[in-house]
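Dumped run-v2.cif below, it's mmCIF, C-alpha atoms:
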data_coords
#
loop_
_atom_site.label_atom_id
_atom_site.label_comp_id
_atom_site.auth_asym_id
_atom_site.auth_seq_id
_atom_site.Cartn_x
_atom_site.Cartn_y
_atom_site.Cartn_z
CA MET A 9 148.57 144.61 74.64
CA ASP A 10 146.92 145.12 71.27
CA SER A 11 144.42 142.32 71.80
CA ASP A 12 142.79 144.06 74.76
CA LEU A 13 139.23 145.27 74.45
CA VAL A 14 138.69 148.96 75.02
CA LEU A 15 135.55 150.86 75.94
CA PRO A 16 134.38 154.28 74.76
CA GLY A 17 136.47 156.97 76.43
CA GLN A 18 139.31 154.64 77.35
CA PRO A 19 142.81 155.93 76.51
CA ILE A 20 144.66 153.84 73.93
CA SER A 21 148.33 153.40 74.67
CA LEU A 22 150.39 154.01 71.58
CA PRO A 23 153.72 152.40 70.79
CA ARG A 24 156.77 154.64 70.58
CA GLY A 25 157.45 156.21 67.25
CA PRO A 26 155.32 158.20 64.84
CA ILE A 27 151.75 158.81 65.91
CA PRO A 28 149.45 156.77 63.64
CA GLN A 29 146.62 158.33 61.70
CA LEU A 30 143.30 157.97 63.45
CA GLY A 31 140.61 155.97 61.72
CA PRO A 32 137.03 155.23 62.72
CA GLY A 33 136.47 154.32 66.33
CA THR A 34 139.14 156.61 67.73
CA TYR A 35 139.47 160.29 68.55
CA THR A 36 141.80 162.64 70.36
CA ARG A 37 140.99 164.83 73.29
CA ASP A 38 143.60 166.88 75.12
CA ALA A 39 146.39 165.15 73.14
CA GLN A 40 145.27 161.73 74.36
CA VAL A 41 144.07 159.13 71.87
CA ARG A 42 140.90 157.49 73.09
CA ALA A 43 138.47 154.88 71.85
CA SER A 44 134.91 155.72 70.87
CA LEU A 45 133.69 152.16 70.33
CA VAL A 46 133.83 148.86 72.17
CA GLY A 47 136.44 146.76 70.43
CA ILE A 48 140.09 145.97 69.90
CA PRO A 49 142.26 148.74 68.45
CA ARG A 50 144.23 147.57 65.42
CA ASN A 51 146.79 149.13 63.16
CA GLU A 52 145.75 148.94 59.52
CA GLY A 53 148.76 150.25 57.69
CA SER A 54 149.42 153.61 59.28
CA THR A 55 145.91 154.14 60.60
CA LEU A 56 144.70 153.09 64.01
CA THR A 57 141.11 151.89 63.94
CA ILE A 58 138.56 150.05 65.98
CA SER A 59 136.53 148.31 63.33
CA ARG A 60 133.08 147.05 63.92
CA VAL A 61 130.93 145.65 61.20
CA ARG A 62 127.62 147.31 61.65
CA PRO A 63 125.20 148.99 59.28
CA HIS A 64 126.16 152.61 58.82
CA PRO A 65 124.78 155.46 56.75
CA PRO A 66 126.47 156.01 53.37
CA GLY A 67 129.16 158.65 53.08
CA PRO A 68 130.99 160.03 50.04
CA ASN A 69 132.76 157.22 48.11
CA SER A 70 130.67 154.47 49.72
CA VAL A 71 129.87 151.66 47.31
CA VAL A 72 126.14 151.02 47.56
CA LEU A 73 123.69 148.51 46.18
CA GLY A 74 120.06 149.35 45.74
CA SER A 75 116.99 148.83 43.68
CA ILE A 76 115.40 151.39 41.40
CA THR A 77 112.10 152.59 42.81
CA ARG A 78 111.08 155.49 40.57
CA LEU A 79 112.06 156.93 37.21
CA SER A 80 111.67 160.44 35.89
CA PRO A 81 113.20 162.09 32.80
CA LEU A 82 115.81 163.80 35.01
CA GLN A 83 116.68 161.22 37.62
CA ALA A 84 116.19 157.71 38.93
CA MET A 85 115.40 157.06 42.58
CA LEU A 86 117.29 154.31 44.28
CA SER A 87 116.46 152.52 47.52
CA ILE A 88 119.88 151.81 49.06
CA THR A 89 119.92 148.47 50.88
CA VAL A 90 123.65 147.65 51.11
CA VAL A 91 126.37 150.12 52.12
CA ASP A 92 130.04 149.10 51.73
CA GLY A 93 129.07 145.43 51.70
CA VAL A 94 127.03 145.66 54.91
CA PRO A 95 123.29 145.13 54.47
CA LEU A 96 121.03 147.59 56.24
CA PRO A 97 118.22 146.29 58.48
CA SER A 98 114.99 145.93 56.54
CA GLY A 99 112.83 149.02 56.64
CA GLU A 100 115.83 151.27 57.25
CA GLU A 101 116.84 151.88 53.66
CA PHE A 102 118.32 155.18 52.54
CA THR A 103 117.13 156.86 49.38
CA GLY A 104 119.58 157.76 46.64
CA VAL A 105 119.25 159.66 43.41
CA ILE A 106 121.02 158.99 40.09
CA ARG A 107 120.79 162.16 38.04
CA THR A 108 121.15 162.08 34.24
CA GLN A 109 124.61 163.67 34.38
CA ASP A 110 125.80 160.97 36.79
CA VAL A 111 124.72 157.92 34.78
CA ARG A 112 127.82 157.66 32.59
CA ALA A 113 131.05 159.54 32.02
CA THR A 114 130.70 160.28 28.31
CA GLU A 115 127.96 161.95 26.25
CA LYS A 116 126.24 163.03 29.43
CA ASP A 117 123.79 165.24 27.58
CA LYS A 118 122.44 162.33 25.50
CA VAL A 119 121.50 160.19 28.49
CA LYS A 120 117.91 159.04 28.60
CA ILE A 121 117.04 157.63 32.01
CA ALA A 122 114.48 155.22 30.49
CA ASP A 123 117.24 153.69 28.34
CA CYS A 124 119.49 153.11 31.34
CA PHE A 125 117.30 151.87 34.20
CA ARG A 126 113.92 150.27 34.84
CA GLY A 127 112.00 149.91 38.06
CA GLY A 128 113.23 146.98 40.14
CA ASP A 129 116.73 146.87 38.65
CA VAL A 130 119.49 146.25 41.15
CA VAL A 131 122.21 148.85 40.70
CA ARG A 132 125.72 149.19 42.02
CA GLY A 133 126.77 152.81 42.50
CA VAL A 134 129.11 155.11 44.36
CA VAL A 135 127.88 157.94 46.57
CA ILE A 136 129.26 161.26 45.33
CA SER A 137 127.77 163.55 47.94
CA LEU A 138 125.34 163.67 50.80
CA GLY A 139 123.01 165.38 48.37
CA ASP A 140 119.92 167.30 49.33
CA ALA A 141 117.71 166.90 52.36
CA ARG A 142 116.00 163.73 51.22
CA SER A 143 118.51 161.71 49.25
CA TYR A 144 122.11 160.88 48.56
CA PHE A 145 123.56 161.53 45.08
CA VAL A 146 124.79 158.32 43.50
CA THR A 147 126.85 157.93 40.33
CA THR A 148 127.20 154.97 37.97
CA ALA A 149 129.80 156.67 35.75
CA ARG A 150 132.38 153.89 35.88
CA ASN A 151 132.77 150.60 34.03
CA ASP A 152 132.11 148.46 37.09
CA LEU A 153 129.04 150.46 38.12
CA GLY A 154 125.51 150.21 36.81
CA VAL A 155 122.77 147.61 36.60
CA ILE A 156 123.92 144.25 37.95
CA PHE A 157 120.59 142.45 37.99
CA ALA A 158 117.48 143.04 35.92
CA THR A 159 114.48 141.05 34.79
CA SER A 160 113.06 141.32 31.28
CA GLU A 161 109.47 142.05 30.34
CA ALA A 162 109.00 138.28 30.08
CA GLY A 163 110.15 137.94 33.67
CA ALA A 164 113.48 136.20 33.10
CA THR A 165 116.81 137.34 34.50
CA MET A 166 118.66 139.11 31.72
CA GLU A 167 122.31 138.84 30.84
CA PRO A 168 124.46 141.75 29.73
CA VAL A 169 125.63 141.73 26.12
CA SER A 170 127.27 145.14 25.96
CA TRP A 171 127.75 148.06 28.31
CA GLN A 172 124.36 149.41 27.37
CA GLU A 173 122.34 146.36 26.35
CA MET A 174 120.96 143.30 28.06
CA ARG A 175 119.34 140.25 26.47
CA CYS A 176 116.45 138.17 27.72
CA PRO A 177 117.34 134.46 27.51
CA LYS A 178 113.68 133.51 27.06
CA THR A 179 112.62 135.68 24.17
CA GLY A 180 115.99 136.87 22.91
CA LYS A 181 114.77 140.43 23.07
CA ILE A 182 117.31 143.13 23.78
CA GLU A 183 116.59 145.80 26.37
CA ARG A 184 118.66 148.88 27.02
CA ARG A 185 120.39 149.30 30.37
CA LYS A 186 123.54 150.96 31.70
CA CYS A 187 125.23 147.70 32.68
CA ALA A 188 127.97 147.18 35.19
CA LYS A 189 130.95 145.26 33.86
CA PRO A 190 130.77 141.74 35.30
CA GLU A 191 133.58 141.14 37.77
CA ASN A 192 134.94 137.97 36.18
CA LEU A 193 135.64 139.50 32.77
CA MET B 6 67.38 137.22 80.39
CA ALA B 7 70.60 139.21 80.37
CA GLN B 8 72.01 137.08 83.14
CA THR B 9 71.54 133.82 81.35
CA GLY B 10 72.65 134.87 77.89
CA PHE B 11 76.34 134.61 77.06
CA ASP B 12 77.28 137.96 75.54
CA ARG B 13 79.57 137.19 72.64
CA ARG B 14 80.13 140.84 71.77
CA ARG B 15 81.86 141.68 75.02
CA ILE B 16 84.98 140.32 76.62
CA ASN B 17 83.64 137.97 79.24
CA GLY B 18 85.44 137.54 82.51
CA PRO B 19 86.60 134.17 83.74
CA GLU B 20 84.02 131.97 85.43
CA GLN B 21 85.96 131.86 88.64
CA SER B 22 87.76 134.79 90.20
CA HIS B 23 89.58 135.64 93.38
CA PRO B 24 90.29 138.99 95.01
CA PRO B 25 93.87 140.13 94.37
CA THR B 26 96.36 139.76 97.17
CA PHE B 27 98.64 142.73 97.72
CA GLY B 28 102.11 142.52 99.13
CA THR B 29 102.07 143.85 102.65
CA GLN B 30 105.82 143.81 103.11
CA ASP B 31 106.22 147.57 103.35
CA GLU B 32 103.43 147.97 105.85
CA VAL B 33 104.87 145.40 108.23
CA GLU B 34 108.31 146.97 108.35
CA GLY B 35 106.86 150.34 109.21
CA ARG B 36 107.49 153.69 107.60
CA TRP B 37 110.46 155.90 108.04
CA ILE B 38 109.96 158.58 110.70
CA VAL B 39 111.72 161.94 110.71
CA GLY B 40 115.00 161.77 112.61
CA GLN B 41 115.56 158.06 112.09
CA PRO B 42 118.63 156.85 110.20
CA ARG B 43 118.09 155.47 106.70
CA LYS B 44 116.49 152.06 106.57
CA ALA B 45 117.83 149.14 104.54
CA ARG B 46 120.94 150.93 103.31
CA LYS B 47 123.72 153.24 104.42
CA PRO B 48 123.28 156.86 103.23
CA MET B 49 126.04 156.60 100.62
CA ASP B 50 125.05 153.16 99.31
CA ILE B 51 123.25 152.58 96.05
CA ARG B 52 121.04 149.65 95.17
CA PRO B 53 122.82 146.71 93.52
CA ILE B 54 122.76 146.95 89.72
CA PHE B 55 122.02 144.16 87.28
CA LEU B 56 122.90 145.10 83.72
CA GLN B 57 122.54 142.96 80.60
CA PRO B 58 123.43 144.36 77.17
CA GLY B 59 122.00 142.90 73.97
CA LEU B 60 118.73 141.50 75.26
CA ILE B 61 116.50 142.69 72.41
CA ASP B 62 117.72 141.03 69.20
CA GLN B 63 115.83 143.07 66.62
CA ALA B 64 117.37 146.30 67.92
CA ASN B 65 120.84 147.45 66.84
CA GLY B 66 121.78 147.68 70.47
CA SER B 67 119.93 147.16 73.71
CA ALA B 68 120.33 146.94 77.46
CA TYR B 69 118.27 145.90 80.44
CA VAL B 70 118.95 147.40 83.83
CA GLU B 71 117.51 146.42 87.17
CA THR B 72 118.19 148.02 90.53
CA GLU B 73 115.92 146.29 93.01
CA ARG B 74 112.48 147.60 92.06
CA THR B 75 113.56 149.83 89.17
CA LYS B 76 113.49 147.87 85.92
CA ILE B 77 114.19 149.50 82.56
CA ALA B 78 114.64 148.04 79.09
CA CYS B 79 116.33 150.17 76.46
CA ALA B 80 116.59 149.61 72.70
CA VAL B 81 118.66 151.61 70.21
CA TYR B 82 117.80 151.67 66.52
CA GLY B 83 119.68 153.37 63.74
CA PRO B 84 121.46 155.36 62.50
CA ARG B 85 118.60 155.60 60.05
CA GLN B 86 117.73 158.29 57.54
CA THR B 87 116.06 161.35 59.03
CA LYS B 88 112.52 161.55 57.75
CA SER B 89 112.17 165.31 58.08
CA THR B 90 112.85 167.45 55.03
CA ALA B 91 115.47 169.77 56.52
CA TYR B 92 119.15 169.00 56.01
CA HIS B 93 121.05 168.31 59.22
CA GLU B 94 124.84 168.40 59.28
CA LYS B 95 124.76 166.56 62.59
CA GLY B 96 122.90 163.44 63.56
CA LYS B 97 119.79 163.64 65.70
CA LEU B 98 119.29 161.80 68.95
CA ASN B 99 115.70 160.82 69.54
CA VAL B 100 114.89 159.64 73.05
CA GLU B 101 111.47 158.23 73.90
CA VAL B 102 110.50 157.03 77.36
CA LYS B 103 107.42 154.97 78.05
CA PHE B 104 106.00 153.84 81.34
CA THR B 105 104.20 150.54 81.38
CA PRO B 106 100.71 150.99 82.87
CA PHE B 107 101.68 148.83 85.86
CA SER B 108 105.04 150.50 86.50
CA CYS B 109 103.95 152.72 89.38
CA GLU B 110 101.65 152.39 92.35
CA ARG B 111 99.03 154.28 90.41
CA ARG B 112 98.12 153.08 86.92
CA ARG B 113 99.91 155.02 84.21
CA ALA B 114 97.61 155.90 81.37
CA PRO B 115 99.54 155.56 78.13
CA MET B 116 99.62 158.65 75.85
CA ARG B 117 98.01 160.94 78.40
CA ASP B 118 101.04 160.82 80.66
CA ALA B 119 103.28 163.90 80.66
CA GLU B 120 106.06 162.67 82.89
CA ASP B 121 107.67 160.41 80.26
CA ARG B 122 108.53 163.41 78.11
CA SER B 123 110.34 165.26 80.88
CA LEU B 124 112.29 162.08 81.60
CA ALA B 125 113.15 161.78 77.93
CA VAL B 126 114.45 165.35 77.91
CA ALA B 127 116.61 164.70 80.98
CA ILE B 128 118.09 161.52 79.47
CA HIS B 129 118.60 163.23 76.09
CA GLN B 130 120.51 166.04 77.79
CA ALA B 131 122.67 163.59 79.69
CA LEU B 132 123.58 161.58 76.58
CA LEU B 133 123.96 164.22 73.88
CA PRO B 134 127.45 165.52 74.83
CA ALA B 135 128.82 161.98 74.66
CA VAL B 136 127.50 160.88 71.26
CA GLN B 137 129.60 161.91 68.27
CA VAL B 138 126.66 163.22 66.27
CA GLU B 139 128.97 165.10 63.89
CA LEU B 140 129.91 161.73 62.34
CA LEU B 141 126.32 160.94 61.39
CA PRO B 142 125.03 163.57 58.95
CA LYS B 143 121.38 163.28 57.92
CA SER B 144 120.80 160.42 60.32
CA THR B 145 118.74 159.79 63.42
CA ILE B 146 119.44 157.49 66.32
CA ASP B 147 116.31 156.29 68.06
CA ILE B 148 116.51 155.36 71.73
CA PHE B 149 113.43 153.76 73.21
CA LEU B 150 113.23 153.22 76.95
CA THR B 151 110.48 151.17 78.54
CA ILE B 152 110.13 151.56 82.26
CA ILE B 153 108.81 148.22 83.40
CA GLU B 154 108.82 149.13 87.06
CA ALA B 155 109.61 152.47 88.63
CA ASP B 156 110.83 153.17 92.13
CA GLY B 157 111.57 156.86 92.30
CA ILE B 158 111.69 159.18 89.30
CA GLU B 159 115.25 160.35 90.02
CA ALA B 160 116.44 156.74 90.10
CA CYS B 161 114.58 156.14 86.81
CA VAL B 162 116.46 158.99 85.11
CA ALA B 163 119.77 157.70 86.45
CA ALA B 164 119.14 154.05 85.57
CA GLY B 165 117.66 155.04 82.19
CA THR B 166 120.77 157.05 81.33
CA VAL B 167 123.05 154.16 82.26
CA ALA B 168 120.91 151.72 80.23
CA ALA B 169 120.81 154.02 77.19
CA SER B 170 124.55 154.60 77.28
CA THR B 171 125.17 150.84 77.50
CA ALA B 172 122.76 150.21 74.63
CA LEU B 173 124.52 152.86 72.50
CA ALA B 174 127.87 151.18 73.14
CA ASP B 175 126.27 147.83 72.30
CA ALA B 176 124.93 149.30 69.05
CA GLY B 177 128.43 150.43 68.10
CA ILE B 178 127.61 154.12 67.95
CA GLU B 179 130.66 156.28 68.41
CA MET B 180 130.79 158.03 71.75
CA ILE B 181 133.54 160.02 73.41
CA GLY B 182 132.79 158.21 76.67
CA LEU B 183 130.23 156.15 78.54
CA VAL B 184 127.72 158.27 80.43
CA MET B 185 126.98 157.22 83.98
CA SER B 186 124.36 158.72 86.19
CA CYS B 187 123.54 158.73 89.88
CA ALA B 188 120.74 160.28 91.91
CA ALA B 189 120.91 161.82 95.36
CA ALA B 190 118.32 163.19 97.77
CA VAL B 191 118.74 165.37 100.81
CA VAL B 192 116.55 164.17 103.67
CA GLU B 193 116.73 166.41 106.73
CA GLN B 194 120.48 167.10 106.89
CA GLU B 195 121.68 163.87 105.36
CA THR B 196 122.52 163.02 101.76
CA TRP B 197 121.06 159.73 100.59
CA LEU B 198 122.22 158.29 97.29
CA ASP B 199 119.91 156.49 94.86
CA PRO B 200 116.66 157.29 96.71
CA THR B 201 113.63 155.05 96.36
CA GLU B 202 110.21 156.55 95.73
CA GLU B 203 109.37 156.61 99.42
CA GLU B 204 112.67 158.24 100.31
CA ALA B 205 112.33 160.80 97.52
CA ARG B 206 108.91 161.73 98.87
CA SER B 207 110.32 162.63 102.27
CA ALA B 208 113.30 164.45 100.74
CA ARG B 209 113.75 168.20 100.78
CA GLY B 210 115.49 168.26 97.42
CA SER B 211 117.03 165.89 94.94
CA LEU B 212 119.69 165.90 92.28
CA VAL B 213 120.64 163.67 89.35
CA LEU B 214 124.22 163.95 88.12
CA SER B 215 125.33 162.47 84.79
CA CYS B 216 129.00 162.31 83.98
CA MET B 217 131.64 160.53 81.94
CA PRO B 218 134.00 159.00 84.51
CA ALA B 219 136.49 158.06 81.78
CA LEU B 220 137.00 161.73 80.92
CA GLY B 221 136.15 163.25 84.27
CA THR B 222 133.49 165.51 82.79
CA VAL B 223 129.93 166.22 83.83
CA THR B 224 127.28 166.08 81.11
CA SER B 225 124.18 167.14 83.01
CA VAL B 226 122.87 168.05 86.43
CA TRP B 227 119.14 167.89 87.13
CA GLN B 228 118.09 169.37 90.44
CA SER B 229 114.72 169.80 92.03
CA GLY B 230 113.52 170.95 95.41
CA LYS B 231 115.29 173.20 97.87
CA LEU B 232 119.02 172.67 98.34
CA ARG B 233 121.76 174.89 99.68
CA PRO B 234 124.82 175.40 97.42
CA GLU B 235 127.12 173.43 99.74
CA GLU B 236 124.59 170.58 99.79
CA VAL B 237 124.47 170.58 95.99
CA LEU B 238 128.26 170.41 95.80
CA GLY B 239 128.31 167.64 98.39
CA CYS B 240 125.70 165.67 96.43
CA MET B 241 127.60 166.15 93.18
CA ASP B 242 130.85 164.91 94.69
CA ALA B 243 129.14 161.88 96.20
CA CYS B 244 127.34 161.11 92.92
CA GLN B 245 130.49 161.49 90.85
CA GLU B 246 132.33 159.09 93.11
CA ARG B 247 129.50 156.55 92.85
CA CYS B 248 129.37 157.01 89.05
CA SER B 249 132.88 155.61 88.72
CA ASP B 250 131.67 152.52 90.61
CA ILE B 251 128.71 152.22 88.22
CA HIS B 252 131.16 152.67 85.34
CA SER B 253 133.03 149.56 86.39
CA VAL B 254 129.74 147.61 86.48
CA VAL B 255 128.89 148.79 82.96
CA ALA B 256 132.43 148.10 81.75
CA GLN B 257 132.27 144.56 83.06
CA ALA B 258 128.85 143.98 81.47
CA LEU B 259 130.06 145.29 78.11
CA LEU B 260 133.30 143.33 78.17
CA GLU B 261 131.47 140.11 79.03
CA ASN B 262 129.04 140.73 76.20
CA ALA B 263 131.68 141.65 73.61
#

Encoded form using structure tokens:
Amino acid sequence: MDSDLVLPGQPISLPRGPIPQLGPGTYTRDAQVRASLVGIPRNEGSTLTISRVRPHPPGPNSVVLGSITRLSPLQAMLSITVVDGVPLPSGEEFTGVIRTQDVRATEKDKVKIADCFRGGDVVRGVVISLGDARSYFVTTARNDLGVIFATSEAGATMEPVSWQEMRCPKTGKIERRKCAKPENL
Amino acid sequence: MAQTGFDRRRINGPEQSHPPTFGTQDEVEGRWIVGQPRKARKPMDIRPIFLQPGLIDQANGSAYVETERTKIACAVYGPRQTKSTAYHEKGKLNVEVKFTPFSCERRRAPMRDAEDRSLAVAIHQALLPAVQVELLPKSTIDIFLTIIEADGIEACVAAGTVAASTALADAGIEMIGLVMSCAAAVVEQETWLDPTEEEARSARGSLVLSCMPALGTVTSVWQSGKLRPEEVLGCMDACQERCSDIHSVVAQALLENA
């Protein structure tokens, strides 16, 4: 029963018992639960969803990856290319903004954007709101968020040495970045 | 001098050419005359539908529909970020229809044609109630329809709506139901479903009904010409019945593709 494909608008028969919470891909109309996507309805915990891996626009709390495109004293612009682990088609990137107050959780007023990001850095962030007309607001104020990939002035891939410094393996020079904590530490 | 010289600045025609041969099929069979019953089909029959989702790989979703001489390809891109500066709480649906120059009996001049926009509006109206645009803030869904061959404008709107709805489902865009569409024309006193161009020309009035058979709701009605209220209601009932048949065709195509 559960392995059957449903089409948009098709009623989903629910098992007896408590009505599950409705996740993406489902909706109710006139007290009838229906599908809104082509797929197989599944119960994930207490939520009923029809999941489909497809590129989708970021929403609040989406984890995004993107590269820094522009810096200003107040904010860094981010070109979002991956949303919740799903890459977007090329040419369909969303623009995000990291404001100074969203770079880190402490000493927010001492943040200098130039000491945290450089153009071309790949950054992991979390969307905090849909933002203004043009861009999504992104925060890096968490240990696991920040720059995950950066090249030095010499052109080599740098490695993080502390949460706000990265070292170039070629020249040994230290550059300042707001680094994300590597996952294996 | 000019005859002998090979002009390299112009596009030169082939050395050999032949006059084009036109299909004379229609002429041989003879035209429909007032008072005769409908040729080729029964009044309530529609043309057989061929539907193939996912034909265009670079699009997020696509569909190709063919009903005898009506051939439409549809591609869905997005949701992508809206380029305009204003903030939209709801997503935007952008429908663009293009006729190929060879789609009709008369050559369609690209850009200068006005009919594609009215078709786009009709298809947009038919689809909008079904798409859950409230789930896509600040985003746009682009739907591009290319009419490769047209046989009746009403049939184009109907087939285009079916193709677009299939392509949206293929793209995984959340919809409250699949939109189906069917055209009808009143010729003399009779109602003919899915009229061809020739039939539409001899019709007194025509109607395109778009509905969601899964929910039993109508999304749009597009009527032109002179029709009495009871004729309109008769057409709508006939179209709605036929839409549920089209729905099963679309359902089968989508399930086979999934």

**Message:** I want to know what sits within 6 Å of region 201-218 of chain B, based on all atoms listed in the file, with residues of the same chain fewer than 2 positions away left out; could you give that as a ChimeraX atom specification?
**Reply:** /B:131,156-157,182-192,220-232,249

**Request:** Specify as an NGL selection string all residues of chain B found within 7 Å of chain A, counting only C-alpha atoms.
**Result:** :B and (84-86 or 90-92 or 174 or 177-183 or 219-220)

**Request:** Compare B:Thr105, B:Thr75, B:Thr26, B:Ser170 by their minimum atom-to-atom distance to Asp199 (chain B), counting only C-alpha atoms, and give me the closest one.
**Result:**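 Looking only at the distances to Asp199 (chain B), the closest residue turns out to be B:Thr75.
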
**Residues in the PyMOL selection byres ((chain A and resi 191) around 12), expressed as a ChimeraX atom specification** = /A:151-153,156,187-190,192-193

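Comparing A:Asp123, A:Glu161, A:Asp129, A:Glu115 by their smallest distance to Arg184 (chain A), the closest is A:Asp123 (using only C-alpha atoms).
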